[in-house]
$ cat my_file-v8.tsv   # TSV, C-alpha atoms
chain	number	residue	atom	x	y	z
A	1	MET	CA	56.86	171.82	47.49
A	2	TYR	CA	53.09	171.56	47.87
A	3	ILE	CA	52.44	172.86	51.40
A	4	GLN	CA	49.20	172.90	53.35
A	5	ILE	CA	49.02	175.24	56.36
A	6	ILE	CA	46.27	174.07	58.72
A	7	THR	CA	44.96	176.38	61.42
A	8	ALA	CA	41.69	176.79	63.32
A	9	GLY	CA	40.13	179.16	65.81
A	10	THR	CA	39.62	182.91	65.77
A	11	THR	CA	40.86	185.69	63.47
A	12	GLY	CA	44.07	185.97	65.49
A	13	SER	CA	44.64	182.23	64.96
A	14	VAL	CA	44.42	182.63	61.18
A	15	ALA	CA	45.67	186.07	60.08
A	16	PRO	CA	49.40	185.55	60.88
A	17	TYR	CA	49.49	182.47	58.67
A	18	THR	CA	48.52	184.54	55.63
A	19	GLY	CA	51.88	186.32	55.81
A	20	LEU	CA	53.74	183.04	56.25
A	21	ALA	CA	51.85	181.55	53.30
A	22	HIS	CA	52.68	184.47	51.00
A	23	ARG	CA	56.36	184.28	51.97
A	24	LEU	CA	56.47	180.56	51.18
A	25	ALA	CA	54.68	181.20	47.88
A	26	ALA	CA	57.24	183.90	47.05
A	27	GLU	CA	59.95	181.27	47.62
A	28	GLY	CA	58.36	179.15	44.87
A	29	HIS	CA	56.19	176.78	46.91
A	30	ASP	CA	52.60	175.83	46.09
A	31	VAL	CA	50.78	176.87	49.27
A	32	GLU	CA	47.23	176.31	50.47
A	33	ILE	CA	45.73	177.51	53.76
A	34	VAL	CA	43.19	175.19	55.37
A	35	THR	CA	40.86	177.00	57.79
A	36	HIS	CA	37.25	178.03	58.40
A	37	ALA	CA	35.16	179.24	55.47
A	38	LYS	CA	34.34	182.57	57.17
A	39	PHE	CA	37.98	183.59	56.67
A	40	THR	CA	37.82	183.16	52.89
A	41	GLU	CA	38.17	186.89	52.20
A	42	LEU	CA	41.03	187.25	54.68
A	43	VAL	CA	42.95	184.31	53.22
A	44	SER	CA	42.18	184.69	49.53
A	45	CYS	CA	43.53	188.23	49.21
A	46	CYS	CA	46.06	188.55	46.38
A	47	GLY	CA	45.41	185.07	45.04
A	48	MET	CA	46.25	182.85	48.02
A	49	ARG	CA	44.47	179.50	47.74
A	50	MET	CA	42.23	178.27	50.55
A	51	ARG	CA	40.54	174.98	51.40
A	52	PRO	CA	37.75	175.31	54.00
A	53	LEU	CA	37.48	173.11	57.06
A	54	ALA	CA	34.18	171.28	57.18
A	55	ALA	CA	32.92	172.90	60.38
A	56	ASP	CA	33.60	175.86	62.65
A	57	PRO	CA	32.76	175.21	66.31
A	58	PHE	CA	34.78	178.05	67.78
A	59	GLU	CA	32.04	180.67	68.06
A	60	GLU	CA	30.12	178.10	70.14
A	61	LEU	CA	33.25	177.45	72.19
A	62	ILE	CA	33.79	181.15	72.91
A	63	GLY	CA	30.12	181.50	73.80
A	64	ALA	CA	30.38	178.52	76.18
A	65	HIS	CA	33.34	180.15	77.90
A	66	GLY	CA	31.34	183.36	78.26
A	67	ARG	CA	28.51	181.46	79.95
A	68	PHE	CA	31.07	179.75	82.21
A	69	ARG	CA	32.49	183.13	83.21
A	70	ASP	CA	29.12	184.84	83.63
A	71	ALA	CA	27.75	181.97	85.74
A	72	GLY	CA	30.52	182.42	88.29
A	73	ARG	CA	32.37	179.32	87.03
A	74	SER	CA	29.60	177.03	88.27
A	75	PRO	CA	29.97	173.23	87.82
A	76	ALA	CA	27.15	173.16	85.26
A	77	ALA	CA	28.76	175.94	83.21
A	78	LEU	CA	32.13	174.19	83.47
A	79	ARG	CA	30.58	170.98	82.09
A	80	GLY	CA	29.12	172.97	79.21
A	81	PHE	CA	32.50	174.50	78.43
A	82	VAL	CA	34.23	171.10	78.54
A	83	ARG	CA	31.61	169.57	76.22
A	84	ALA	CA	31.96	172.48	73.80
A	85	THR	CA	35.73	171.99	73.79
A	86	GLU	CA	35.35	168.28	73.10
A	87	ARG	CA	32.93	169.01	70.24
A	88	ALA	CA	35.40	171.50	68.79
A	89	ALA	CA	38.13	168.83	68.82
A	90	LEU	CA	35.80	166.26	67.24
A	91	SER	CA	34.89	168.70	64.48
A	92	LEU	CA	38.59	169.11	63.73
A	93	VAL	CA	38.77	165.38	63.05
A	94	ASP	CA	36.08	165.73	60.37
A	95	GLY	CA	37.61	168.88	58.93
A	96	ILE	CA	41.23	167.80	58.83
A	97	LEU	CA	40.49	164.31	57.48
A	98	ALA	CA	38.53	165.88	54.63
A	99	ALA	CA	40.98	168.70	53.95
A	100	VAL	CA	44.39	167.03	54.00
A	101	ASP	CA	45.57	166.24	50.49
A	102	PRO	CA	47.57	162.97	50.42
A	103	LYS	CA	49.64	164.50	47.60
A	104	ALA	CA	50.92	167.30	49.86
A	105	ASP	CA	54.67	167.43	50.49
A	106	LEU	CA	54.45	169.15	53.89
A	107	LEU	CA	51.85	170.06	56.49
A	108	LEU	CA	52.42	173.10	58.72
A	109	LEU	CA	50.17	172.77	61.76
A	110	SER	CA	48.99	175.34	64.30
A	111	SER	CA	48.88	174.36	67.96
A	112	ILE	CA	45.12	173.69	67.80
A	113	ALA	CA	45.40	171.58	64.65
A	114	ALA	CA	48.57	169.71	65.62
A	115	PRO	CA	47.14	166.93	67.84
A	116	ILE	CA	44.92	165.76	64.97
A	117	GLY	CA	46.95	166.91	61.98
A	118	GLN	CA	50.16	165.18	63.01
A	119	VAL	CA	48.40	161.79	63.17
A	120	VAL	CA	46.79	162.35	59.76
A	121	ALA	CA	50.11	163.45	58.28
A	122	ARG	CA	51.84	160.30	59.53
A	123	TYR	CA	49.00	158.13	58.19
A	124	HIS	CA	49.50	159.60	54.70
A	125	GLY	CA	53.29	159.60	54.96
A	126	ILE	CA	53.47	163.40	54.75
A	127	PRO	CA	56.21	165.24	56.65
A	128	SER	CA	54.82	167.75	59.13
A	129	MET	CA	56.05	170.61	61.27
A	130	GLY	CA	54.50	172.72	64.03
A	131	ALA	CA	53.95	176.43	63.40
A	132	PHE	CA	52.71	177.68	66.78
A	133	LEU	CA	51.75	181.17	67.90
A	134	GLN	CA	52.05	180.27	71.59
A	135	PRO	CA	54.58	178.19	73.54
A	136	ASP	CA	53.17	174.89	74.79
A	137	ALA	CA	56.24	172.87	75.89
A	138	PRO	CA	56.83	172.79	79.66
A	139	THR	CA	59.72	174.92	80.89
A	140	ALA	CA	61.04	176.32	84.14
A	141	ALA	CA	61.31	179.75	82.49
A	142	PHE	CA	57.58	180.50	82.64
A	143	PRO	CA	54.24	178.75	83.32
A	144	PRO	CA	52.00	177.50	80.51
A	145	CYS	CA	50.23	180.30	78.69
A	146	THR	CA	46.85	179.18	80.06
A	147	MET	CA	48.00	180.10	83.59
A	148	PRO	CA	49.05	183.40	85.18
A	149	LEU	CA	52.60	184.52	84.52
A	150	ARG	CA	54.98	183.58	87.37
A	151	PRO	CA	58.71	183.92	88.11
A	152	PRO	CA	61.04	181.18	86.79
A	153	GLY	CA	61.19	177.95	88.78
A	154	PHE	CA	60.77	174.20	88.52
A	155	GLY	CA	57.12	174.52	89.50
A	156	ASN	CA	56.48	176.00	86.08
A	157	ARG	CA	57.51	172.72	84.46
A	158	LEU	CA	54.99	170.89	86.64
A	159	ARG	CA	52.31	173.40	85.71
A	160	GLY	CA	53.17	172.96	82.03
A	161	ALA	CA	52.89	169.18	82.27
A	162	ALA	CA	49.54	169.51	84.06
A	163	ALA	CA	48.20	171.92	81.42
A	164	ASN	CA	49.20	169.52	78.64
A	165	ALA	CA	47.53	166.63	80.48
A	166	VAL	CA	44.27	168.61	80.60
A	167	LEU	CA	44.53	169.41	76.90
A	168	ASP	CA	45.21	165.76	76.04
A	169	ALA	CA	42.13	164.76	78.03
A	170	LEU	CA	39.97	167.27	76.15
A	171	TYR	CA	41.16	165.72	72.85
A	172	ALA	CA	40.48	162.15	74.08
A	173	ALA	CA	37.18	161.65	72.22
A	174	ALA	CA	38.68	163.19	69.09
A	175	HIS	CA	41.65	160.81	69.19
A	176	ARG	CA	39.35	157.81	69.64
A	177	SER	CA	37.28	158.86	66.63
A	178	LEU	CA	40.35	159.62	64.54
A	179	HIS	CA	42.03	156.27	65.14
A	180	VAL	CA	38.83	154.33	64.47
A	181	ARG	CA	38.24	156.16	61.19
A	182	LEU	CA	41.81	155.60	60.04
A	183	GLY	CA	41.79	151.95	61.16
A	184	LEU	CA	44.71	152.54	63.54
A	185	ALA	CA	45.40	151.06	66.95
A	186	ARG	CA	44.25	153.67	69.41
A	187	ARG	CA	46.83	155.95	71.00
A	188	GLY	CA	45.80	158.55	73.55
A	189	GLY	CA	46.88	162.14	73.57
A	190	HIS	CA	49.52	161.62	76.25
A	191	ARG	CA	51.18	158.82	74.29
A	192	LEU	CA	51.05	160.81	71.06
A	193	ARG	CA	52.66	163.77	72.81
A	194	ARG	CA	55.44	161.54	74.16
A	195	GLU	CA	56.07	160.20	70.67
A	196	ARG	CA	56.31	163.74	69.28
A	197	GLU	CA	58.76	164.69	72.02
A	198	ARG	CA	60.93	161.56	71.65
A	199	GLY	CA	61.00	162.05	67.89
A	200	ARG	CA	61.90	165.73	68.35
A	201	TRP	CA	59.03	166.77	66.12
A	202	PRO	CA	60.04	170.25	64.86
A	203	ILE	CA	58.04	173.25	66.03
A	204	TRP	CA	58.65	176.83	64.96
A	205	HIS	CA	57.13	179.49	67.20
A	206	GLY	CA	55.82	182.65	65.58
A	207	PHE	CA	56.79	185.16	68.24
A	208	SER	CA	59.87	187.26	68.82
A	209	PRO	CA	62.70	186.19	71.13
A	210	SER	CA	62.62	189.81	72.31
A	211	VAL	CA	59.12	189.15	73.62
A	212	VAL	CA	59.47	185.53	74.77
A	213	PRO	CA	63.11	184.34	74.79
A	214	ARG	CA	63.65	180.68	73.93
A	215	PRO	CA	63.88	178.75	77.22
A	216	ALA	CA	67.26	177.13	77.83
A	217	ASP	CA	65.60	173.88	78.97
A	218	TRP	CA	63.59	173.31	75.80
A	219	ARG	CA	64.53	170.22	73.82
A	220	PRO	CA	66.20	170.41	70.40
A	221	GLY	CA	63.67	171.01	67.64
A	222	LEU	CA	61.72	173.69	69.52
A	223	ARG	CA	62.68	177.00	67.95
A	224	VAL	CA	61.61	180.64	68.12
A	225	ALA	CA	61.41	182.09	64.61
A	226	GLY	CA	60.14	185.60	65.21
A	227	TYR	CA	56.71	186.90	64.26
A	228	TRP	CA	55.16	186.18	60.88
A	229	TRP	CA	52.87	189.10	60.14
A	230	PRO	CA	49.45	189.02	58.43
A	231	HIS	CA	49.61	189.65	54.70
A	232	GLU	CA	48.74	193.21	53.74
A	233	CYS	CA	47.12	193.65	50.35
A	234	PRO	CA	49.02	196.39	48.46
A	235	THR	CA	45.85	197.71	46.81
A	236	TRP	CA	43.91	198.16	50.07
A	237	GLN	CA	42.65	201.66	50.88
A	238	PRO	CA	41.17	202.82	54.22
A	239	PRO	CA	37.52	203.91	54.32
A	240	ALA	CA	37.09	207.65	53.84
A	241	LEU	CA	35.48	207.99	57.29
A	242	VAL	CA	38.59	206.65	58.99
A	243	GLY	CA	41.02	208.80	57.03
A	244	GLU	CA	38.98	211.92	57.71
A	245	PHE	CA	38.69	211.13	61.42
A	246	LEU	CA	42.42	210.58	61.80
A	247	ALA	CA	43.19	213.84	60.02
A	248	ALA	CA	40.73	215.83	62.15
A	249	GLY	CA	42.62	215.69	65.46
A	250	PRO	CA	45.37	214.13	67.55
A	251	PRO	CA	46.06	210.37	67.37
A	252	PRO	CA	43.16	208.46	68.93
A	253	VAL	CA	43.11	205.28	71.01
A	254	PHE	CA	42.22	201.95	69.41
A	255	VAL	CA	39.73	199.78	71.32
A	256	GLY	CA	38.93	196.30	70.03
A	257	PHE	CA	38.29	192.79	71.30
A	258	GLY	CA	38.65	190.92	68.03
A	259	SER	CA	36.94	187.55	68.02
A	260	MET	CA	35.99	187.68	71.69
A	261	MET	CA	32.35	188.00	72.76
A	262	PRO	CA	32.82	189.59	76.17
A	263	GLY	CA	29.36	189.69	77.71
A	264	ASP	CA	26.95	192.59	77.16
A	265	PRO	CA	28.28	194.67	74.21
A	266	ASP	CA	26.21	197.72	75.22
A	267	ARG	CA	27.76	197.70	78.70
A	268	LEU	CA	31.27	197.37	77.26
A	269	ALA	CA	30.59	200.13	74.73
A	270	GLY	CA	29.38	202.37	77.56
A	271	ILE	CA	32.52	201.70	79.61
A	272	THR	CA	34.63	202.52	76.56
A	273	ALA	CA	32.82	205.78	75.80
A	274	ARG	CA	32.97	207.00	79.41
A	275	ALA	CA	36.65	206.04	79.80
A	276	LEU	CA	37.69	207.89	76.65
A	277	ARG	CA	35.70	210.96	77.68
A	278	ARG	CA	37.15	210.90	81.21
A	279	ALA	CA	40.71	210.53	79.84
A	280	GLY	CA	40.15	213.29	77.25
A	281	LEU	CA	41.04	211.00	74.34
A	282	ARG	CA	39.59	210.33	70.91
A	283	GLY	CA	38.88	206.71	69.98
A	284	VAL	CA	38.55	204.22	67.14
A	285	VAL	CA	36.40	201.30	68.29
A	286	GLN	CA	36.44	198.08	66.29
A	287	SER	CA	33.10	196.30	66.45
A	288	GLY	CA	34.53	192.75	66.22
A	289	TRP	CA	32.52	189.65	67.08
A	290	ALA	CA	31.13	191.44	70.15
A	291	GLY	CA	29.34	193.99	67.96
A	292	LEU	CA	30.64	197.02	69.85
A	293	SER	CA	29.33	200.40	68.71
A	294	VAL	CA	30.33	203.84	69.98
A	295	MET	CA	29.74	206.97	67.87
A	296	ASN	CA	30.14	210.60	68.86
A	297	ASP	CA	32.26	213.60	67.83
A	298	ASP	CA	35.40	212.04	69.30
A	299	VAL	CA	34.80	208.30	68.68
A	300	ILE	CA	34.04	206.28	65.56
A	301	THR	CA	33.22	202.58	65.17
A	302	VAL	CA	34.82	200.58	62.37
A	303	GLY	CA	34.64	197.07	61.01
A	304	PRO	CA	37.62	194.89	60.06
A	305	LEU	CA	40.71	196.98	59.30
A	306	PRO	CA	44.32	195.80	58.96
A	307	HIS	CA	46.00	196.26	62.32
A	308	GLY	CA	49.30	196.77	60.52
A	309	TRP	CA	47.88	199.97	59.01
A	310	LEU	CA	45.65	201.19	61.84
A	311	MET	CA	47.59	200.62	65.07
A	312	PRO	CA	50.71	202.68	64.22
A	313	ARG	CA	48.41	205.68	63.82
A	314	MET	CA	47.09	205.35	67.38
A	315	ALA	CA	48.22	206.94	70.66
A	316	ALA	CA	47.61	203.62	72.46
A	317	VAL	CA	45.78	200.34	71.91
A	318	VAL	CA	43.21	198.63	74.15
A	319	HIS	CA	42.67	194.99	73.27
A	320	HIS	CA	41.99	191.49	74.62
A	321	ALA	CA	45.66	190.44	74.43
A	322	GLY	CA	45.23	187.51	72.08
A	323	ALA	CA	48.55	186.39	70.61
A	324	GLY	CA	47.96	187.96	67.19
A	325	THR	CA	46.59	191.27	68.45
A	326	THR	CA	49.34	191.52	71.07
A	327	ALA	CA	51.90	191.08	68.29
A	328	ALA	CA	50.23	193.75	66.13
A	329	GLY	CA	50.32	196.25	68.98
A	330	LEU	CA	53.99	195.55	69.66
A	331	ARG	CA	54.82	195.96	65.97
A	332	ALA	CA	52.98	199.31	65.92
A	333	GLY	CA	55.27	200.73	68.60
A	334	VAL	CA	52.51	202.23	70.76
A	335	PRO	CA	51.61	201.64	74.43
A	336	ALA	CA	48.99	199.02	75.28
A	337	VAL	CA	46.22	198.55	77.83
A	338	PRO	CA	45.35	194.84	77.71
A	339	VAL	CA	41.88	193.69	78.83
A	340	PRO	CA	42.23	189.89	78.80
A	341	VAL	CA	39.19	187.61	78.59
A	342	PHE	CA	40.34	183.96	78.67
A	343	THR	CA	42.84	181.20	77.69
A	344	ASP	CA	46.28	182.66	76.89
A	345	GLN	CA	45.19	186.30	77.07
A	346	PRO	CA	46.06	186.98	80.77
A	347	TRP	CA	49.51	185.49	80.08
A	348	TRP	CA	50.18	187.80	77.12
A	349	ALA	CA	48.71	190.75	79.04
A	350	ALA	CA	51.14	190.17	81.91
A	351	ARG	CA	53.95	189.88	79.37
A	352	LEU	CA	53.07	193.35	77.99
A	353	VAL	CA	53.32	194.83	81.48
A	354	ARG	CA	56.63	193.06	82.11
A	355	LEU	CA	58.00	194.33	78.78
A	356	GLY	CA	57.28	197.88	79.89
A	357	VAL	CA	54.84	198.83	77.11
A	358	SER	CA	51.76	198.75	79.35
A	359	PRO	CA	51.03	200.31	82.75
A	360	GLU	CA	48.76	197.47	83.88
A	361	ALA	CA	46.43	194.70	82.73
A	362	LEU	CA	42.70	195.17	83.37
A	363	PRO	CA	40.88	191.81	83.38
A	364	LEU	CA	37.48	192.10	81.74
A	365	ALA	CA	35.64	190.81	84.82
A	366	GLY	CA	36.65	193.88	86.84
A	367	LEU	CA	36.68	196.48	84.07
A	368	THR	CA	35.19	199.90	84.86
A	369	ALA	CA	35.31	203.22	83.04
A	370	GLU	CA	37.34	204.68	85.89
A	371	ARG	CA	39.99	201.96	85.78
A	372	LEU	CA	40.23	202.07	81.99
A	373	ALA	CA	40.49	205.86	81.96
A	374	GLY	CA	43.24	205.73	84.58
A	375	ALA	CA	45.25	203.16	82.65
A	376	LEU	CA	44.83	205.13	79.42
A	377	GLY	CA	45.95	208.29	81.15
A	378	ARG	CA	49.16	206.58	82.24
A	379	ALA	CA	49.74	204.85	78.89
A	380	THR	CA	49.43	208.07	76.93
A	381	GLY	CA	50.72	210.50	79.54
A	382	GLU	CA	53.88	208.80	80.83
A	383	PRO	CA	56.54	208.90	78.08
A	384	ARG	CA	58.36	205.79	79.30
A	385	PHE	CA	55.68	203.51	77.87
A	386	ALA	CA	55.89	205.07	74.40
A	387	ARG	CA	59.70	205.02	74.49
A	388	ARG	CA	59.77	201.35	75.38
A	389	ALA	CA	57.14	200.52	72.74
A	390	VAL	CA	59.15	202.29	70.01
A	391	GLU	CA	62.36	200.55	71.11
A	392	LEU	CA	60.76	197.11	71.03
A	393	ALA	CA	59.06	197.76	67.68
A	394	GLY	CA	62.47	198.61	66.25
A	395	ARG	CA	63.79	195.21	67.30
A	396	LEU	CA	60.79	193.43	65.77
A	397	GLY	CA	61.28	195.33	62.54
A	398	ARG	CA	64.75	193.84	62.16
A	399	GLU	CA	63.48	190.26	62.45
A	400	ASP	CA	62.22	188.02	59.66
A	401	GLY	CA	60.15	185.25	61.24
A	402	ALA	CA	58.49	184.14	58.01
A	403	GLY	CA	61.87	184.01	56.28
A	404	THR	CA	63.27	181.85	59.06
A	405	VAL	CA	60.49	179.30	58.57
A	406	ALA	CA	60.89	179.50	54.78
A	407	ARG	CA	64.59	178.64	55.12
A	408	ALA	CA	63.73	175.68	57.36
A	409	VAL	CA	61.25	174.45	54.76
A	410	ALA	CA	63.87	174.82	52.02
A	411	GLU	CA	66.27	172.67	54.05
A	412	MET	CA	63.61	169.96	54.34
A	413	ALA	CA	63.19	169.99	50.56
A	414	VAL	CA	66.87	169.30	49.91
$ encode --input "my_file-v8.tsv" --output "C-alpha cells"
Amino acid sequence: MYIQIITAGTTGSVAPYTGLAHRLAAEGHDVEIVTHAKFTELVSCCGMRMRPLAADPFEELIGAHGRFRDAGRSPAALRGFVRATERAALSLVDGILAAVDPKADLLLLSSIAAPIGQVVARYHGIPSMGAFLQPDAPTAAFPPCTMPLRPPGFGNRLRGAAANAVLDALYAAAHRSLHVRLGLARRGGHRLRRERERGRWPIWHGFSPSVVPRPADWRPGLRVAGYWWPHECPTWQPPALVGEFLAAGPPPVFVGFGSMMPGDPDRLAGITARALRRAGLRGVVQSGWAGLSVMNDDVITVGPLPHGWLMPRMAAVVHHAGAGTTAAGLRAGVPAVPVPVFTDQPWWAARLVRLGVSPEALPLAGLTAERLAGALGRATGEPRFARRAVELAGRLGREDGAGTVARAVAEMAV
C-alpha cells in the first residue's frame, strides 16, 4: 500500500511517527511522511521519504500562548492566541490540500491533522485512519487532556464534550475554507465529528495501556496500540563532548523543554543551574527551541540528541511533559520531574505523578530553583521512584505499538 502519514506541530508531534513509518516500510508498504520542512533531517534519516507541508504556523502559535501566559491571561492576549490558533488551522488546509496524493491507498492522520485530513481523504476516496498521540474522545474515566487530571466520573464526559466543542469552533474558519475550495456543501466541525463517531472512524492511540488504560465507555473503533517510538538511525554516534561528560562522573540529570519557548531563557537557565547545584547533581541541558544554555564543570548544554539514547543514561529527567517526551522518559526507566507549560502537558505531568515515577509536577509559572532542587532530591534520593520507573519501562519494552498498527493496516489491505 502507498501510505501517507500526515502530522503537524512540534518535534514531539512528529518524531514518534518516524518509527511507525519505518515499521510500515519494513512490512513492505510505500510510506511517506507529510510534515513541516524543518523536520526534513529528522524524517529523512535512513531513506524515509518526506513531503513538506506548505506552511508551519506552530512557532507563532507557541509564541502566542507564551504572550497569553505572560500577560496574565488578559482578554487581548486570549484574542491573540485564538487568532493564532485559527491561522494555524487555516494553514493546514493549504498544506494538506497540496500534500495529499490522490493515488494514496491510505492516510494516517494525527489528531491535529485529522479534522482537515479526513475531509480531504473522503473527497479523494482514500481510506483514512486516526493515529493519535493523545486521547480526545470523551470518557468518564478521565477529563480531556487539555484540562487538569480528575478522578473518574460522568463530569469528565461533559468536560470532554466541551473541550471538543471548543476545538471544533477553532477549526470553523478552516472548515469553511476547505469546503469552499473543494466545492462541497459546508459542514461544521461538530457535524463532521458526529459523522466520524457514527461511522466508527478507526483511531489507534500511540500510548501504552499501562500508562493510559483504554476507557470501558469508549466506542468500538477507538483502540490503544501502545507507543510507537521514534526511529533511531543505526549509524548515529554521540558527540565526543557528551560521551566524555557521561564517563567523567555519576549519571547526570537531563533538563529539556523541547519545542516549548517558556519565557526568558536566561531566567530558566539560571533556575536550572542553581537547582542542580543545590541538589548536588550533574546535568545535561538540551537547548531546544527556548535556546537554553548552561555550562560549568558539572553541566553541559547539548543540541538535538535522540532521547532513546540519552535518557536511559540519566539519573532523572526534567521536561515539559509533552506526550512524546513523557513517553521517552517512561521508556528510559528513570524518575521524572515534569515542568508543564500548556495544552496537554499538565495532564501528562499529573499522570506521571499518579504512575509513581515522579514526586510532583512543577508548573512553569511557579518554578523556582528551590522547588526544582527539592523535587530532584526526592526523585533521585527516594528509591521508590526509580523502582517504579524500571518496572513500568519493563512493561513498555514488551509492547509493540507500531506492530499493532501495522497489523491493522495489513487487515485493511486484504
$ residues_around --input "my_file-v8.tsv" --residues "His307 in chain A" --least-positions-apart "2" --cutoff "10 Å" --atoms "only C-alpha atoms" --output "list in words"
Pro230, Glu232, Phe254, Pro304, Leu305, Trp309, Leu310, Met311, Pro312, Arg313, Gly324, Thr325, Ala327, Ala328, Gly329, Arg331 and Ala332 of chain A
$ atom_distance --input "my_file-v8.tsv" --atom1 "CA of Gly288 in chain A" --atom2 "CA of Val302 in chain A"
8.7 Å
$ closest_residue --input "my_file-v8.tsv" --among "A:Ala161, A:Ala247, A:Cys145, A:Ala369" --to "Ala321 in chain A" --atoms "only C-alpha atoms"
A:Cys145
$ atom_distance --input "my_file-v8.tsv" --atom1 "CA of Cys46 in chain A" --atom2 "CA of Gly397 in chain A"
23.2 Å
$ closest_residue --input "my_file-v8.tsv" --among "A:Pro340, A:Ala290, A:Tyr123, A:Tyr2" --to "Ala365 in chain A" --atoms "only C-alpha atoms"
A:Pro340
$ atom_distance --input "my_file-v8.tsv" --atom1 "CA of Arg214 in chain A" --atom2 "CA of Pro152 in chain A"
13.1 Å
$ residues_around --input "my_file-v8.tsv" --residues "Ala315 in chain A" --least-positions-apart "6" --cutoff "10 Å" --atoms "only C-alpha atoms" --output "PyMOL selection string"
chain A and resi 250-254+281-283+333-336+376+379-381+386
$ residues_near_point --input "my_file-v8.tsv" --point "(45.4, 203.3, 84.3)" --cutoff "12 Å" --atoms "all atoms listed in the file" --output "count of residues only"
32
$ residues_near_point --input "my_file-v8.tsv" --point "(63.4, 171.7, 71.5)" --cutoff "9 Å" --atoms "all atoms listed in the file" --output "PyMOL selection string"
chain A and resi 137+197+200-203+217-223
$ residues_around --input "my_file-v8.tsv" --residues "Gly256 in chain A" --least-positions-apart "4" --cutoff "6 Å" --atoms "only C-alpha atoms" --output "mmCIF file with C-alpha atoms, in the frame of the given file"
data_model
loop_
_atom_site.group_PDB
_atom_site.id
_atom_site.type_symbol
_atom_site.label_atom_id
_atom_site.label_comp_id
_atom_site.auth_asym_id
_atom_site.auth_seq_id
_atom_site.Cartn_x
_atom_site.Cartn_y
_atom_site.Cartn_z
ATOM 1 C CA VAL A 285 36.400 201.300 68.290
ATOM 2 C CA GLN A 286 36.440 198.080 66.290
ATOM 3 C CA HIS A 319 42.670 194.990 73.270
#
$ residues_around --input "my_file-v8.tsv" --residues "Phe245 in chain A" --least-positions-apart "3" --cutoff "9 Å" --atoms "all atoms listed in the file" --output "ChimeraX atom specification"
/A:240-242,248-249,284,298-300
$ residues_around --input "my_file-v8.tsv" --residues "Ala141 in chain A" --least-positions-apart "5" --cutoff "9 Å" --atoms "all atoms listed in the file" --output "PyMOL selection string"
chain A and resi 150-154+156-157+214-217
$ closest_residue --input "my_file-v8.tsv" --among "A:Gly9, A:Gly80, A:Gly308, A:Gly19" --to "Leu53 in chain A" --atoms "only C-alpha atoms"
A:Gly9
$ closest_residue --input "my_file-v8.tsv" --among "A:Glu27, A:Ile6, A:Phe39, A:His22" --to "Gly95 in chain A" --atoms "only C-alpha atoms"
A:Ile6
$ decode --input "my_file-v8.tsv" --residues "range 80-94 of chain A" --atoms "N, CA and C atoms" --output "JSON list (two decimals), in the first residue's frame"
[["chain", "number", "residue", "atom", "x", "y", "z"],
["A", 80, "GLY", "N", -5.43, 37.13, 20.85],
["A", 80, "GLY", "CA", -4.27, 36.85, 20.01],
["A", 80, "GLY", "C", -4.00, 35.36, 19.89],
["A", 81, "PHE", "N", -4.16, 34.65, 20.99],
["A", 81, "PHE", "CA", -3.95, 33.20, 20.97],
["A", 81, "PHE", "C", -5.00, 32.51, 20.11],
["A", 82, "VAL", "N", -6.25, 32.93, 20.23],
["A", 82, "VAL", "CA", -7.32, 32.33, 19.42],
["A", 82, "VAL", "C", -7.07, 32.59, 17.94],
["A", 83, "ARG", "N", -6.69, 33.83, 17.60],
["A", 83, "ARG", "CA", -6.42, 34.13, 16.18],
["A", 83, "ARG", "C", -5.24, 33.31, 15.65],
["A", 84, "ALA", "N", -4.21, 33.15, 16.47],
["A", 84, "ALA", "CA", -3.07, 32.33, 16.04],
["A", 84, "ALA", "C", -3.48, 30.88, 15.82],
["A", 85, "THR", "N", -4.36, 30.38, 16.68],
["A", 85, "THR", "CA", -4.85, 29.01, 16.51],
["A", 85, "THR", "C", -5.67, 28.88, 15.23],
["A", 86, "GLU", "N", -6.51, 29.85, 14.96],
["A", 86, "GLU", "CA", -7.31, 29.82, 13.73],
["A", 86, "GLU", "C", -6.42, 29.89, 12.50],
["A", 87, "ARG", "N", -5.36, 30.72, 12.56],
["A", 87, "ARG", "CA", -4.43, 30.80, 11.41],
["A", 87, "ARG", "C", -3.70, 29.48, 11.21],
["A", 88, "ALA", "N", -3.35, 28.83, 12.33],
["A", 88, "ALA", "CA", -2.68, 27.53, 12.22],
["A", 88, "ALA", "C", -3.58, 26.52, 11.52],
["A", 89, "ALA", "N", -4.87, 26.50, 11.88],
["A", 89, "ALA", "CA", -5.81, 25.58, 11.25],
["A", 89, "ALA", "C", -5.99, 25.91, 9.77],
["A", 90, "LEU", "N", -6.07, 27.19, 9.44],
["A", 90, "LEU", "CA", -6.20, 27.59, 8.03],
["A", 90, "LEU", "C", -4.98, 27.18, 7.22],
["A", 91, "SER", "N", -3.80, 27.30, 7.82],
["A", 91, "SER", "CA", -2.59, 26.91, 7.09],
["A", 91, "SER", "C", -2.57, 25.41, 6.83],
["A", 92, "LEU", "N", -3.20, 24.63, 7.73],
["A", 92, "LEU", "CA", -3.28, 23.19, 7.50],
["A", 92, "LEU", "C", -4.13, 22.88, 6.28],
["A", 93, "VAL", "N", -5.14, 23.69, 6.03],
["A", 93, "VAL", "CA", -5.96, 23.50, 4.82],
["A", 93, "VAL", "C", -5.06, 23.60, 3.60],
["A", 94, "ASP", "N", -4.28, 24.68, 3.52],
["A", 94, "ASP", "CA", -3.37, 24.85, 2.38],
["A", 94, "ASP", "C", -2.40, 23.68, 2.27]]
